[in-house]
There are 2 protein chains.
Amino acid sequence: MARSKSPAKKPPRQYHHGDLRRALLQEALVTIRSEGVEGLTLREIGARLGVSRTALYRHFADKAALLEAVATEGFRSFREQLLAAWEAAGHGIAGLDAMGLAYVRFAVANPAHYRVMFGGFVEPKERQTELAAEAAGALHALEGALGELQRNGLVRGEDTATMARFVWAVVHGVARFAIDGQLRDPAAVDQLTRYAIERMRIGIAPGEAPAVTADALNRAARIDC
Amino acid sequence: MARSKSPAKKPPRQYHHGDLRRALLQEALVTIRSEGVEGLTLREIGARLGVSRTALYRHFADKAALLEAVATEGFRSFREQLLAAWEAAGHGIAGLDAMGLAYVRFAVANPAHYRVMFGGFVEPKERQTELAAEAAGALHALEGALGELQRNGLVRGEDTATMARFVWAVVHGVARFAIDGQLRDPAAVDQLTRYAIERMRIGIAPGEAPAVTADALNRAARIDC
DNA sequence: ACCTGAACACCGTTCAAGT
DNA sequence: ACCTGAACACCGTTCAAGT
């Protein structure tokens with residue numbers, strides 16, 4: 001009897017067993033997903049884990065640090081999914097399309113997480129944080145893909161970083177519309193995504209300024225043919 | 001002596017003279033600009049106006065309602081500035097460019113206000129709020145411009161609303177980069193803005209899919225000439 | 001090392017009471 | 001009508017104390 005690890009009435013309060021840091025991060029994410037960022041309180045996530053409400057301070061400096069970690073983690077898996085889409089599509093223009101779709105899909109599947117990453121809730125005081133590095137990494141995935149397309153002559157040859165920001169802007173904007181609920185059904189989101197990616201692709205397609213006014217088109221036709 | 005409206009020691013507490021609602025809105029905006037959304041407390045804005053901290057509830061249901069009003073007001077002046085740019089440039093493609101520049105310029109000039117408008121801090125419970133109408137109005141300004149360009153054959157003829165969202169996505173994304181401080185000097189912001197608008201314009205330029213792979217370009221050349 | 005519980009300062013909001 | 005001041009419930013954070 002004395003062998004039993006804990007009497008039936010009440011287990012002696014013991015320290016949190018495993019990786020409390022990870023558990024806190026996970027629990028924060030779950031709460032944010034269901035309640036939103038505004039609904040996240042340190043007290044409740046402590047209670048939910050059966051832990052004092054100050055236990056968290058052993059692992060994070062403050063609430064902002066917790067949110068920063070959430071965002072950092074988000075950027076990491078974000079980049080992974082972008083790269084996975086790029087690989088699965090076999091690179092090339094199809095790969096770029098796939099990355100764009102994956103981008104919007106991530107935002108739609110994890111709207112609260114996406115908000116923490118981009119909503120301006122997290123503003124790290126110091127320069128050169130892990131968050132900044134991870135965020136840059138996600139953009140870098142896009143840049144790498146565009147660089148390869150440039151080397152293969154599939155997109156225009158100008159500054160890759162600038163082009164990456166343009167592409168990012170397009171998919172981010174679409175994601176915003178989807179998250180904010182301005183587009184009701186998923187089909188509308190899909191349609192806008194495909195349209196935007198198509199127009200974006202044409203905007204960065206190689207060739208000497210292929211799109212011009214009807215007027216200029218006529219002039220060009222007269223000269224060339 | 002009894003004539004003097006108030007003895008030197010202390011003026012009798014009197015009600016807020018003019019338009020308290022407007023004063024609250026204005027003060028909230030000032031605070032947000034200097035302290036950010038997170039730094040806005042009802043108590044302090046009351047104190048700043050020399051008014052009890054509950055006086056606000058005579059004019060707004062709660063803090064969320066105040067923020068909603070701030071966002072609504074933002075969308076109104078936002079739309080005005082977009083339209084002004086469109087008019088000043090004399091419509092046309094130049095007008096579209098001007099609107100895009102004005103868009104980014106508004107965000108850069110009023111980053112905190114822009115964040116309240118788009119950061120997801122405000123989520124009106126009811127459908128069909130004044131905020132929703134005003135936000136739609138800003139997008140509608142863009143749609144109107146694009147519609148005119150379509151009628152004049154200056155951009156592609158497909159669904160105007162979808163095209164407007166695409167254009168909005170581009171400038172919104174650029175604004176985001178600028179606000180989040182990822183682009184250090186204003187010159188970099190300007191450069192990215194111009195680049196993005198140019199690529200966007202080409203993406204929606206009229207003509208039969210003018211941008212294609214080099215391969216398809218060769219085929220087309222062989223047939224046409 | 002890691003966790004606890006009481007305490008502190010601060011917030012949004014309510015409400016009976018004043019003019 | 002509009003404003004006040006006290007009170008309430010809730011929050012993030014600190015800190016001396018426990019194991």
# chains A, B, ... in the order shown; residues from 1 in each chain; ligands from 1
$ interface_residues --of "chain A" --to "chain D" --cutoff "9 Å" --atoms "only C-alpha atoms (C1' of nucleotides)" --output "PDB file with C-alpha atoms, in the first residue's frame"
ATOM      1  CA  THR A  41      -4.582  35.663 -20.309  1.00  0.00           C
ATOM      2  CA  LEU A  42      -1.581  34.246 -18.516  1.00  0.00           C
ATOM      3  CA  ARG A  43      -3.703  33.303 -15.552  1.00  0.00           C
ATOM      4  CA  THR A  54       3.482  32.862 -12.209  1.00  0.00           C
ATOM      5  CA  ASP A  62       6.652  38.476 -19.880  1.00  0.00           C
ATOM      6  CA  LYS A  63       3.504  38.143 -21.925  1.00  0.00           C
TER       7      LYS A  63
END
$ residues_around --residues "Leu139 of chain B" --least-positions-apart "6" --cutoff "9 Å" --atoms "only C-alpha atoms (C1' of nucleotides)" --output "VMD selection string"
chain B and resid 79 161 164 to 165 168
$ write_last_selection --atoms "N, CA and C atoms" --output "compact mmCIF listing (two decimals), in the first residue's frame"
# COMPACT_ATOMS: atom_id res chain seq x y z
N ARG B 79 -10.39 57.40 -47.95
CA ARG B 79 -11.07 57.43 -49.26
C ARG B 79 -10.96 58.80 -49.91
N ALA B 161 -14.49 44.10 -59.27
CA ALA B 161 -14.29 43.93 -57.82
C ALA B 161 -13.07 43.07 -57.54
N ALA B 164 -10.00 45.03 -58.29
CA ALA B 164 -9.77 46.03 -57.25
C ALA B 164 -9.08 45.40 -56.04
N ARG B 165 -9.50 44.21 -55.69
CA ARG B 165 -8.88 43.54 -54.54
C ARG B 165 -7.42 43.23 -54.83
N TRP B 168 -5.58 46.48 -54.52
CA TRP B 168 -5.51 46.84 -53.11
C TRP B 168 -4.46 46.00 -52.38
$ atom_distance --atom1 "atom CA of Val108 of chain B" --atom2 "atom CA of Asp180 of chain B"
9.8 Å
$ residues_around --residues "segment 82-87 of chain A" --least-positions-apart "4" --cutoff "8 Å" --atoms "only C-alpha atoms (C1' of nucleotides)" --output "number ranges by chain"
A: 78, 91, 95-96, 98-99, 102-103, 138, 141-142, 145
$ closest_residue --among "B:Met163, B:Ala61, B:Val116, B:Val174" --to "Val37 of chain B" --atoms "only C-alpha atoms"
B:Val116
$ select_by_dssp --residues "segment 86-217 of chain B" --states "alpha helix (DSSP H)" --output "JSON, numbers by chain"
{"B": [86, 87, 88, 92, 93, 94, 95, 96, 97, 98, 99, 100, 101, 102, 103, 104, 105, 106, 107, 108, 109, 111, 112, 113, 114, 115, 116, 117, 118, 130, 131, 132, 133, 134, 135, 136, 137, 138, 139, 140, 141, 142, 143, 144, 145, 146, 147, 148, 149, 150, 151, 160, 161, 162, 163, 164, 165, 166, 167, 168, 169, 170, 171, 172, 173, 174, 175, 176, 177, 178, 179, 186, 187, 188, 189, 190, 191, 192, 193, 194, 195, 196, 197, 198, 199, 200, 201, 202, 203, 214, 215, 216, 217]}
$ closest_residue --among "B:Ile45, B:Thr31, B:Ala132, B:Ile179" --to "Gly120 of chain A" --atoms "only C-alpha atoms"
B:Ile179
$ interface_residues --of "chain B" --to "chain A" --cutoff "9 Å" --atoms "only C-alpha atoms" --output "VMD selection string"
chain B and resid 38 115 118 to 121 123 153 to 155 162 to 163 165 to 177 180 191 to 193 195 to 196 198 to 207 209 to 214 217 224 to 225
$ calpha_fit_rmsd --fixed "chain B" --moving "chain A"
0.4 Å
$ residues_around --residues "Val70 of chain B" --least-positions-apart "4" --cutoff "7 Å" --atoms "only C-alpha atoms (C1' of nucleotides)" --output "PyMOL selection string"
chain B and resi 25+29+66+74
$ atom_distance --atom1 "atom CA of Leu56 of chain A" --atom2 "atom CA of Ala28 of chain A"
11.2 Å
$ atom_distance --atom1 "atom CA of Arg58 of chain B" --atom2 "atom CA of Leu24 of chain B"
11.1 Å
